[in-house]
$ cat input.cif   # mmCIF, C-alpha atoms
data_structure
#
loop_
_atom_site.group_PDB
_atom_site.id
_atom_site.type_symbol
_atom_site.label_atom_id
_atom_site.label_comp_id
_atom_site.auth_asym_id
_atom_site.auth_seq_id
_atom_site.Cartn_x
_atom_site.Cartn_y
_atom_site.Cartn_z
ATOM 1 C CA MET N 1 -46.361 50.916 -23.105
ATOM 2 C CA LYS N 2 -44.224 47.877 -23.806
ATOM 3 C CA ASN N 3 -41.280 47.244 -21.492
ATOM 4 C CA PRO N 4 -38.102 47.918 -23.521
ATOM 5 C CA LEU N 5 -36.327 45.160 -21.572
ATOM 6 C CA ASP N 6 -38.605 42.578 -23.214
ATOM 7 C CA SER N 7 -36.582 42.887 -26.419
ATOM 8 C CA ILE N 8 -32.827 42.610 -26.887
ATOM 9 C CA LEU N 9 -32.738 45.740 -29.064
ATOM 10 C CA GLY N 10 -34.750 47.713 -26.484
ATOM 11 C CA THR N 11 -32.340 46.575 -23.759
ATOM 12 C CA ILE N 12 -29.271 47.684 -25.736
ATOM 13 C CA ILE N 13 -30.805 51.051 -26.687
ATOM 14 C CA SER N 14 -31.804 51.611 -23.030
ATOM 15 C CA GLY N 15 -28.185 50.908 -22.034
ATOM 16 C CA PHE N 16 -26.830 53.524 -24.431
ATOM 17 C CA VAL N 17 -29.423 56.092 -23.332
ATOM 18 C CA LEU N 18 -28.597 55.404 -19.668
ATOM 19 C CA THR N 19 -24.888 55.857 -20.449
ATOM 20 C CA LEU N 20 -25.548 59.329 -21.862
ATOM 21 C CA VAL N 21 -27.847 60.282 -18.978
ATOM 22 C CA LEU N 22 -25.358 59.152 -16.307
ATOM 23 C CA TYR N 23 -22.465 60.862 -18.095
ATOM 24 C CA PHE N 24 -24.230 64.228 -18.193
ATOM 25 C CA VAL N 25 -25.529 63.893 -14.618
ATOM 26 C CA VAL N 26 -22.027 63.163 -13.298
ATOM 27 C CA LYS N 27 -20.363 65.867 -15.400
ATOM 28 C CA ASN N 28 -22.899 68.651 -14.898
ATOM 29 C CA PHE N 29 -24.311 67.994 -11.430
ATOM 30 C CA ILE N 30 -22.036 65.812 -9.315
ATOM 31 C CA LEU N 31 -18.769 67.359 -10.535
ATOM 32 C CA ALA N 32 -20.181 70.841 -11.215
ATOM 33 C CA GLY N 33 -17.971 73.486 -9.660
ATOM 34 C CA VAL N 34 -15.207 71.048 -8.713
ATOM 35 C CA MET B 1 2.820 44.826 -2.243
ATOM 36 C CA ASP B 2 3.449 46.558 -5.579
ATOM 37 C CA MET B 3 2.088 43.498 -7.350
ATOM 38 C CA VAL B 4 -1.306 43.600 -5.585
ATOM 39 C CA PRO B 5 -2.939 46.133 -7.957
ATOM 40 C CA ALA B 6 -1.544 44.300 -11.000
ATOM 41 C CA ILE B 7 -2.891 40.944 -9.832
ATOM 42 C CA ALA B 8 -6.194 42.520 -8.737
ATOM 43 C CA ARG B 9 -6.607 44.164 -12.161
ATOM 44 C CA TRP B 10 -5.812 40.861 -13.907
ATOM 45 C CA ALA B 11 -8.293 38.943 -11.718
ATOM 46 C CA HIS B 12 -10.894 41.702 -12.178
ATOM 47 C CA PHE B 13 -10.652 41.380 -15.979
ATOM 48 C CA LEU B 14 -10.626 37.552 -15.999
ATOM 49 C CA ALA B 15 -13.608 37.254 -13.667
ATOM 50 C CA GLY B 16 -15.413 40.210 -15.275
ATOM 51 C CA ILE B 17 -15.136 38.689 -18.758
ATOM 52 C CA THR B 18 -16.469 35.386 -17.384
ATOM 53 C CA TRP B 19 -19.360 37.140 -15.617
ATOM 54 C CA ILE B 20 -20.453 39.504 -18.368
ATOM 55 C CA GLY B 21 -19.730 36.925 -21.080
ATOM 56 C CA LEU B 22 -22.141 34.515 -19.421
ATOM 57 C CA LEU B 23 -24.653 37.346 -18.873
ATOM 58 C CA TYR B 24 -24.615 38.031 -22.628
ATOM 59 C CA TYR B 25 -24.807 34.278 -23.319
ATOM 60 C CA PHE B 26 -27.964 34.046 -21.170
ATOM 61 C CA ASN B 27 -29.592 37.075 -22.807
ATOM 62 C CA PHE B 28 -28.510 36.776 -26.431
ATOM 63 C CA VAL B 29 -28.282 32.964 -26.799
ATOM 64 C CA GLN B 30 -29.884 30.830 -24.097
ATOM 65 C CA ALA B 31 -33.139 32.730 -23.445
ATOM 66 C CA PRO B 32 -34.104 32.977 -27.156
ATOM 67 C CA ALA B 33 -32.996 29.326 -27.673
ATOM 68 C CA MET B 34 -35.170 28.181 -24.753
ATOM 69 C CA LYS B 35 -38.271 29.469 -26.555
ATOM 70 C CA ASP B 36 -37.494 27.338 -29.626
ATOM 71 C CA ALA B 37 -36.357 24.375 -27.506
ATOM 72 C CA THR B 38 -39.587 24.478 -25.479
ATOM 73 C CA ALA B 39 -41.562 24.467 -28.714
ATOM 74 C CA ASP B 40 -39.883 21.299 -29.995
ATOM 75 C CA GLY B 41 -39.579 19.565 -26.614
ATOM 76 C CA THR B 42 -35.778 19.764 -26.214
ATOM 77 C CA ALA B 43 -35.581 22.395 -23.442
ATOM 78 C CA ALA B 44 -34.978 19.847 -20.687
ATOM 79 C CA GLY B 45 -31.383 19.300 -21.788
ATOM 80 C CA ILE B 46 -30.573 23.003 -21.457
ATOM 81 C CA SER B 47 -32.346 23.278 -18.081
ATOM 82 C CA LYS B 48 -30.689 20.162 -16.693
ATOM 83 C CA HIS B 49 -27.162 20.234 -18.095
ATOM 84 C CA VAL B 50 -26.317 23.721 -19.385
ATOM 85 C CA ALA B 51 -28.090 26.335 -17.239
ATOM 86 C CA PRO B 52 -26.925 25.071 -13.799
ATOM 87 C CA ARG B 53 -23.274 24.987 -14.921
ATOM 88 C CA ALA B 54 -23.503 28.401 -16.566
ATOM 89 C CA LEU B 55 -25.160 29.853 -13.444
ATOM 90 C CA LEU B 56 -22.446 28.394 -11.186
ATOM 91 C CA TRP B 57 -19.655 30.148 -13.099
ATOM 92 C CA PHE B 58 -21.824 33.266 -13.533
ATOM 93 C CA ARG B 59 -22.621 33.931 -9.873
ATOM 94 C CA TRP B 60 -19.150 33.159 -8.491
ATOM 95 C CA ALA B 61 -17.433 35.129 -11.258
ATOM 96 C CA ALA B 62 -19.628 38.062 -10.172
ATOM 97 C CA VAL B 63 -18.335 37.786 -6.596
ATOM 98 C CA LEU B 64 -14.698 37.500 -7.694
ATOM 99 C CA THR B 65 -15.095 40.464 -10.062
ATOM 100 C CA TRP B 66 -16.416 42.654 -7.249
ATOM 101 C CA LEU B 67 -13.761 41.546 -4.733
ATOM 102 C CA ALA B 68 -10.919 42.061 -7.217
ATOM 103 C CA GLY B 69 -12.376 45.464 -8.130
ATOM 104 C CA ALA B 70 -12.522 46.451 -4.454
ATOM 105 C CA ALA B 71 -8.899 45.332 -4.011
ATOM 106 C CA LEU B 72 -7.914 47.332 -7.076
ATOM 107 C CA LEU B 73 -9.566 50.471 -5.696
ATOM 108 C CA GLY B 74 -7.757 49.950 -2.388
ATOM 109 C CA ALA B 75 -7.567 53.253 -0.510
ATOM 110 C CA ASN B 76 -9.719 54.832 -3.241
ATOM 111 C CA PHE B 77 -12.679 52.570 -2.361
ATOM 112 C CA VAL B 78 -14.634 55.081 -0.235
ATOM 113 C CA PRO B 79 -13.719 58.175 -2.323
ATOM 114 C CA ALA B 80 -14.848 56.303 -5.467
ATOM 115 C CA PHE B 81 -18.163 55.165 -3.978
ATOM 116 C CA THR B 82 -18.822 58.678 -2.672
ATOM 117 C CA LEU B 83 -18.057 60.051 -6.170
ATOM 118 C CA GLN B 84 -15.223 62.350 -5.131
ATOM 119 C CA ALA B 85 -13.543 64.499 -7.787
ATOM 120 C CA GLY B 86 -11.186 62.444 -9.945
ATOM 121 C CA LEU B 87 -12.877 59.210 -8.915
ATOM 122 C CA ALA B 88 -16.479 59.920 -9.926
ATOM 123 C CA GLY B 89 -16.164 58.077 -13.239
ATOM 124 C CA ILE B 90 -14.840 54.832 -11.780
ATOM 125 C CA GLY B 91 -17.213 55.357 -8.838
ATOM 126 C CA VAL B 92 -20.271 55.291 -11.110
ATOM 127 C CA GLY B 93 -18.887 52.118 -12.699
ATOM 128 C CA ALA B 94 -18.356 50.593 -9.252
ATOM 129 C CA TRP B 95 -21.916 51.465 -8.180
ATOM 130 C CA LEU B 96 -23.364 49.931 -11.349
ATOM 131 C CA GLY B 97 -21.264 46.787 -10.833
ATOM 132 C CA THR B 98 -22.427 46.574 -7.226
ATOM 133 C CA ILE B 99 -26.096 46.888 -8.241
ATOM 134 C CA MET B 100 -25.483 44.133 -10.809
ATOM 135 C CA LEU B 101 -23.912 41.872 -8.150
ATOM 136 C CA PHE B 102 -26.983 42.472 -5.955
ATOM 137 C CA ASN B 103 -29.267 41.505 -8.862
ATOM 138 C CA VAL B 104 -27.303 38.280 -9.429
ATOM 139 C CA TRP B 105 -27.477 37.042 -5.839
ATOM 140 C CA VAL B 106 -30.790 38.506 -4.634
ATOM 141 C CA LEU B 107 -32.980 38.372 -7.756
ATOM 142 C CA ILE B 108 -31.519 36.077 -10.434
ATOM 143 C CA TRP B 109 -30.056 33.112 -8.518
ATOM 144 C CA PRO B 110 -32.881 32.543 -5.957
ATOM 145 C CA ASN B 111 -35.470 32.679 -8.752
ATOM 146 C CA GLN B 112 -33.427 30.477 -11.101
ATOM 147 C CA LYS B 113 -33.305 27.865 -8.338
ATOM 148 C CA LYS B 114 -37.127 27.736 -8.458
ATOM 149 C CA ILE B 115 -37.231 27.680 -12.278
ATOM 150 C CA LEU B 116 -34.661 24.871 -12.552
ATOM 151 C CA GLY B 117 -36.234 22.801 -9.769
ATOM 152 C CA ILE B 118 -33.255 23.109 -7.412
ATOM 153 C CA VAL B 119 -35.770 24.255 -4.781
ATOM 154 C CA SER B 120 -39.426 23.249 -4.861
ATOM 155 C CA ALA B 121 -41.983 25.732 -6.192
ATOM 156 C CA THR B 122 -45.545 25.633 -7.519
ATOM 157 C CA ASP B 123 -46.220 26.384 -11.190
ATOM 158 C CA ASP B 124 -47.518 29.814 -10.178
ATOM 159 C CA GLU B 125 -44.344 30.544 -8.187
ATOM 160 C CA LYS B 126 -42.234 29.342 -11.122
ATOM 161 C CA GLY B 127 -44.085 31.678 -13.462
ATOM 162 C CA LYS B 128 -43.410 34.661 -11.201
ATOM 163 C CA ALA B 129 -39.804 33.575 -10.668
ATOM 164 C CA ARG B 130 -39.287 33.332 -14.441
ATOM 165 C CA ARG B 131 -40.436 36.934 -14.963
ATOM 166 C CA ILE B 132 -38.363 38.350 -12.068
ATOM 167 C CA ALA B 133 -35.207 36.486 -13.130
ATOM 168 C CA PHE B 134 -35.719 37.536 -16.755
ATOM 169 C CA LEU B 135 -36.170 41.228 -15.922
ATOM 170 C CA ALA B 136 -33.231 41.228 -13.488
ATOM 171 C CA SER B 137 -31.028 39.617 -16.124
ATOM 172 C CA ARG B 138 -32.163 42.090 -18.783
ATOM 173 C CA THR B 139 -31.610 44.961 -16.316
ATOM 174 C CA ASN B 140 -28.039 43.763 -15.785
ATOM 175 C CA THR B 141 -27.494 43.582 -19.555
ATOM 176 C CA MET B 142 -28.718 47.184 -19.829
ATOM 177 C CA LEU B 143 -26.578 48.320 -16.856
ATOM 178 C CA SER B 144 -23.485 46.584 -18.294
ATOM 179 C CA ILE B 145 -23.361 49.157 -21.111
ATOM 180 C CA PRO B 146 -22.830 52.260 -18.922
ATOM 181 C CA MET B 147 -20.903 50.142 -16.382
ATOM 182 C CA LEU B 148 -18.294 49.238 -19.002
ATOM 183 C CA PHE B 149 -18.131 52.839 -20.273
ATOM 184 C CA PHE B 150 -17.372 54.161 -16.788
ATOM 185 C CA MET B 151 -15.103 51.232 -15.855
ATOM 186 C CA ALA B 152 -13.080 51.429 -19.057
ATOM 187 C CA ASN B 153 -12.667 55.206 -18.941
ATOM 188 C CA GLY B 154 -13.127 56.104 -15.282
ATOM 189 C CA MET B 155 -9.514 55.778 -14.128
ATOM 190 C CA THR B 156 -7.022 55.658 -16.969
ATOM 191 C CA HIS B 157 -8.966 57.714 -19.540
ATOM 192 C CA LYS B 158 -10.837 60.116 -17.274
ATOM 193 C CA ALA B 159 -9.246 63.171 -18.910
ATOM 194 C CA LEU B 160 -10.472 61.923 -22.278
ATOM 195 C CA ILE B 161 -14.096 61.934 -21.124
ATOM 196 C CA GLY B 162 -13.711 64.998 -18.907
ATOM 197 C CA LEU B 163 -14.582 63.358 -15.607
#

$ encode --input "input.cif" --output "structure tokens"
Amino acid sequence: MKNPLDSILGTIISGFVLTLVLYFVVKNFILAGV
Amino acid sequence: MDMVPAIARWAHFLAGITWIGLLYYFNFVQAPAMKDATADGTAAGISKHVAPRALLWFRWAAVLTWLAGAALLGANFVPAFTLQAGLAGIGVGAWLGTIMLFNVWVLIWPNQKKILGIVSATDDEKGKARRIAFLASRTNTMLSIPMLFFMANGMTHKALIGL
């Protein structure tokens, strides 16, 4: 599989996906029950 | 003392714009231009005159951004980095910024020194250095997207994003 960081578009899409992943991890796991 | 957070925030923005602006310049402008410039034999000018100056501002702006950010967090520094309630959003941003600072000084700059001939390296070492520096720079471009989301919203707009 091609490394998404080899293209500018792949890098930007990876950044948006990582934003969503981190947001849901923080909201639903780290801050869960607080 | 009341002015410290205001000056720290100002410095954080000034240095951060310089740092991330140059990061985007490297990724969106210089790296693609280097391919074309290498093809027509004009890459030496970029390597000799442009890249070293851009890297100088880039790496020191990264340090100033981090220091001003730490000053801005003040007493919230440890609670933010340990993702305590109310500070988890800015804490994630701070962690991403810290990882990016590490990439600048440990992966990008030492390898760029080999690529640009500031330190001696064989062609094989330069080839490896080019790939490591490229991937570290692209990683920082990717990380800048969530970093800016959490930085921009983590403190003043945390209710808006529910963190």

$ interface_residues --input "input.cif" --of "chain B" --to "chain N" --cutoff "12 Å" --atoms "only C-alpha atoms" --output "PyMOL selection string"
chain B and resi 24+26-29+31-32+82-93+95-96+131-132+134-151+153-154+158-159+161-163

$ write_last_selection --input "input.cif" --atoms "C-alpha atoms" --output "tab-separated table (two decimals), keeping the file's coordinate frame"
chain	number	residue	atom	x	y	z
B	24	TYR	CA	-24.62	38.03	-22.63
B	26	PHE	CA	-27.96	34.05	-21.17
B	27	ASN	CA	-29.59	37.08	-22.81
B	28	PHE	CA	-28.51	36.78	-26.43
B	29	VAL	CA	-28.28	32.96	-26.80
B	31	ALA	CA	-33.14	32.73	-23.44
B	32	PRO	CA	-34.10	32.98	-27.16
B	82	THR	CA	-18.82	58.68	-2.67
B	83	LEU	CA	-18.06	60.05	-6.17
B	84	GLN	CA	-15.22	62.35	-5.13
B	85	ALA	CA	-13.54	64.50	-7.79
B	86	GLY	CA	-11.19	62.44	-9.94
B	87	LEU	CA	-12.88	59.21	-8.91
B	88	ALA	CA	-16.48	59.92	-9.93
B	89	GLY	CA	-16.16	58.08	-13.24
B	90	ILE	CA	-14.84	54.83	-11.78
B	91	GLY	CA	-17.21	55.36	-8.84
B	92	VAL	CA	-20.27	55.29	-11.11
B	93	GLY	CA	-18.89	52.12	-12.70
B	95	TRP	CA	-21.92	51.46	-8.18
B	96	LEU	CA	-23.36	49.93	-11.35
B	131	ARG	CA	-40.44	36.93	-14.96
B	132	ILE	CA	-38.36	38.35	-12.07
B	134	PHE	CA	-35.72	37.54	-16.76
B	135	LEU	CA	-36.17	41.23	-15.92
B	136	ALA	CA	-33.23	41.23	-13.49
B	137	SER	CA	-31.03	39.62	-16.12
B	138	ARG	CA	-32.16	42.09	-18.78
B	139	THR	CA	-31.61	44.96	-16.32
B	140	ASN	CA	-28.04	43.76	-15.78
B	141	THR	CA	-27.49	43.58	-19.56
B	142	MET	CA	-28.72	47.18	-19.83
B	143	LEU	CA	-26.58	48.32	-16.86
B	144	SER	CA	-23.48	46.58	-18.29
B	145	ILE	CA	-23.36	49.16	-21.11
B	146	PRO	CA	-22.83	52.26	-18.92
B	147	MET	CA	-20.90	50.14	-16.38
B	148	LEU	CA	-18.29	49.24	-19.00
B	149	PHE	CA	-18.13	52.84	-20.27
B	150	PHE	CA	-17.37	54.16	-16.79
B	151	MET	CA	-15.10	51.23	-15.86
B	153	ASN	CA	-12.67	55.21	-18.94
B	154	GLY	CA	-13.13	56.10	-15.28
B	158	LYS	CA	-10.84	60.12	-17.27
B	159	ALA	CA	-9.25	63.17	-18.91
B	161	ILE	CA	-14.10	61.93	-21.12
B	162	GLY	CA	-13.71	65.00	-18.91
B	163	LEU	CA	-14.58	63.36	-15.61

$ closest_residue --input "input.cif" --among "B:His49, B:His157, B:Arg9, B:Arg59" --to "Leu22 in chain B" --atoms "only C-alpha atoms"
B:Arg59

$ residues_near_point --input "input.cif" --point "(-19.7, 34.7, -13.3)" --cutoff "10 Å" --atoms "all atoms listed in the file" --output "list of chain:residue names"
B:Leu14, B:Ala15, B:Gly16, B:Ile17, B:Thr18, B:Trp19, B:Ile20, B:Gly21, B:Leu22, B:Leu23, B:Ala54, B:Leu55, B:Leu56, B:Trp57, B:Phe58, B:Arg59, B:Trp60, B:Ala61, B:Ala62, B:Val63, B:Leu64, B:Thr65, B:Leu101, B:Val104

$ atom_distance --input "input.cif" --atom1 "CA of Phe77 in chain B" --atom2 "CA of Met3 in chain B"
18.0 Å

$ atom_distance --input "input.cif" --atom1 "CA of Val50 in chain B" --atom2 "CA of Gln30 in chain B"
9.2 Å

$ atom_distance --input "input.cif" --atom1 "CA of Gly127 in chain B" --atom2 "CA of Asn111 in chain B"
9.9 Å

$ residues_near_point --input "input.cif" --point "(-33.9, 38.7, -8.3)" --cutoff "6 Å" --atoms "only C-alpha atoms" --output "ChimeraX atom specification"
/B:103,106-108,132-133,136

$ closest_residue --input "input.cif" --among "B:Ala11, B:Met155, B:Ala68, B:Leu116" --to "Gly97 in chain B" --atoms "all atoms listed in the file"
B:Ala68

$ axis_aligned_box --input "input.cif" --around "range 38-50 of chain B" --padding-each-side "5 Å" --output "JSON"
{"center_x": -33.9, "center_y": 21.9, "center_z": -23.3, "size_x": 25.2, "size_y": 15.2, "size_z": 23.3}

$ build_atoms --input "input.cif" --residues "range 2-34 of chain N" --atoms "N, CA and C atoms" --output "CSV table (one decimal), keeping the file's coordinate frame"
chain,number,residue,atom,x,y,z
N,2,LYS,N,-45.0,49.1,-23.9
N,2,LYS,CA,-44.2,47.9,-23.8
N,2,LYS,C,-42.9,48.1,-23.0
N,3,ASN,N,-42.5,47.1,-22.2
N,3,ASN,CA,-41.3,47.2,-21.5
N,3,ASN,C,-40.1,47.1,-22.5
N,4,PRO,N,-39.2,48.1,-22.6
N,4,PRO,CA,-38.1,47.9,-23.5
N,4,PRO,C,-37.2,46.7,-23.2
N,5,LEU,N,-37.2,46.3,-21.9
N,5,LEU,CA,-36.3,45.2,-21.6
N,5,LEU,C,-36.9,43.8,-22.1
N,6,ASP,N,-38.1,43.8,-22.6
N,6,ASP,CA,-38.6,42.6,-23.2
N,6,ASP,C,-38.0,42.2,-24.6
N,7,SER,N,-37.3,43.2,-25.2
N,7,SER,CA,-36.6,42.9,-26.4
N,7,SER,C,-35.1,43.2,-26.2
N,8,ILE,N,-34.3,42.4,-27.0
N,8,ILE,CA,-32.8,42.6,-26.9
N,8,ILE,C,-32.4,44.0,-27.4
N,9,LEU,N,-33.1,44.4,-28.5
N,9,LEU,CA,-32.7,45.7,-29.1
N,9,LEU,C,-33.1,46.8,-28.1
N,10,GLY,N,-34.3,46.7,-27.5
N,10,GLY,CA,-34.8,47.7,-26.5
N,10,GLY,C,-33.8,47.8,-25.3
N,11,THR,N,-33.3,46.6,-24.9
N,11,THR,CA,-32.3,46.6,-23.8
N,11,THR,C,-31.1,47.3,-24.1
N,12,ILE,N,-30.5,47.1,-25.3
N,12,ILE,CA,-29.3,47.7,-25.7
N,12,ILE,C,-29.4,49.2,-25.9
N,13,ILE,N,-30.5,49.6,-26.5
N,13,ILE,CA,-30.8,51.1,-26.7
N,13,ILE,C,-30.9,51.7,-25.3
N,14,SER,N,-31.7,51.1,-24.4
N,14,SER,CA,-31.8,51.6,-23.0
N,14,SER,C,-30.4,51.8,-22.4
N,15,GLY,N,-29.5,50.8,-22.6
N,15,GLY,CA,-28.2,50.9,-22.0
N,15,GLY,C,-27.4,52.1,-22.6
N,16,PHE,N,-27.5,52.4,-23.9
N,16,PHE,CA,-26.8,53.5,-24.4
N,16,PHE,C,-27.4,54.8,-23.9
N,17,VAL,N,-28.8,54.9,-23.8
N,17,VAL,CA,-29.4,56.1,-23.3
N,17,VAL,C,-29.0,56.3,-21.9
N,18,LEU,N,-29.0,55.3,-21.1
N,18,LEU,CA,-28.6,55.4,-19.7
N,18,LEU,C,-27.1,55.9,-19.5
N,19,THR,N,-26.3,55.4,-20.5
N,19,THR,CA,-24.9,55.9,-20.4
N,19,THR,C,-24.8,57.4,-20.6
N,20,LEU,N,-25.5,57.9,-21.6
N,20,LEU,CA,-25.5,59.3,-21.9
N,20,LEU,C,-26.1,60.1,-20.7
N,21,VAL,N,-27.2,59.6,-20.1
N,21,VAL,CA,-27.8,60.3,-19.0
N,21,VAL,C,-26.9,60.3,-17.8
N,22,LEU,N,-26.3,59.2,-17.5
N,22,LEU,CA,-25.4,59.2,-16.3
N,22,LEU,C,-24.1,60.0,-16.6
N,23,TYR,N,-23.6,60.0,-17.8
N,23,TYR,CA,-22.5,60.9,-18.1
N,23,TYR,C,-22.8,62.3,-17.9
N,24,PHE,N,-23.9,62.8,-18.3
N,24,PHE,CA,-24.2,64.2,-18.2
N,24,PHE,C,-24.6,64.6,-16.8
N,25,VAL,N,-25.2,63.6,-16.0
N,25,VAL,CA,-25.5,63.9,-14.6
N,25,VAL,C,-24.2,64.0,-13.8
N,26,VAL,N,-23.3,63.1,-14.0
N,26,VAL,CA,-22.0,63.2,-13.3
N,26,VAL,C,-21.3,64.4,-13.6
N,27,LYS,N,-21.2,64.7,-14.9
N,27,LYS,CA,-20.4,65.9,-15.4
N,27,LYS,C,-21.0,67.2,-15.0
N,28,ASN,N,-22.3,67.3,-15.1
N,28,ASN,CA,-22.9,68.7,-14.9
N,28,ASN,C,-23.5,68.9,-13.5
N,29,PHE,N,-23.7,67.8,-12.8
N,29,PHE,CA,-24.3,68.0,-11.4
N,29,PHE,C,-23.4,67.6,-10.3
N,30,ILE,N,-22.9,66.3,-10.4
N,30,ILE,CA,-22.0,65.8,-9.3
N,30,ILE,C,-20.7,66.5,-9.3
N,31,LEU,N,-20.1,66.7,-10.5
N,31,LEU,CA,-18.8,67.4,-10.5
N,31,LEU,C,-18.8,68.8,-10.8
N,32,ALA,N,-20.0,69.4,-10.9
N,32,ALA,CA,-20.2,70.8,-11.2
N,32,ALA,C,-19.5,71.7,-10.1
N,33,GLY,N,-18.6,72.6,-10.6
N,33,GLY,CA,-18.0,73.5,-9.7
N,33,GLY,C,-16.7,72.9,-9.0
N,34,VAL,N,-16.4,71.6,-9.3
N,34,VAL,CA,-15.2,71.0,-8.7
N,34,VAL,C,-14.0,71.5,-9.5
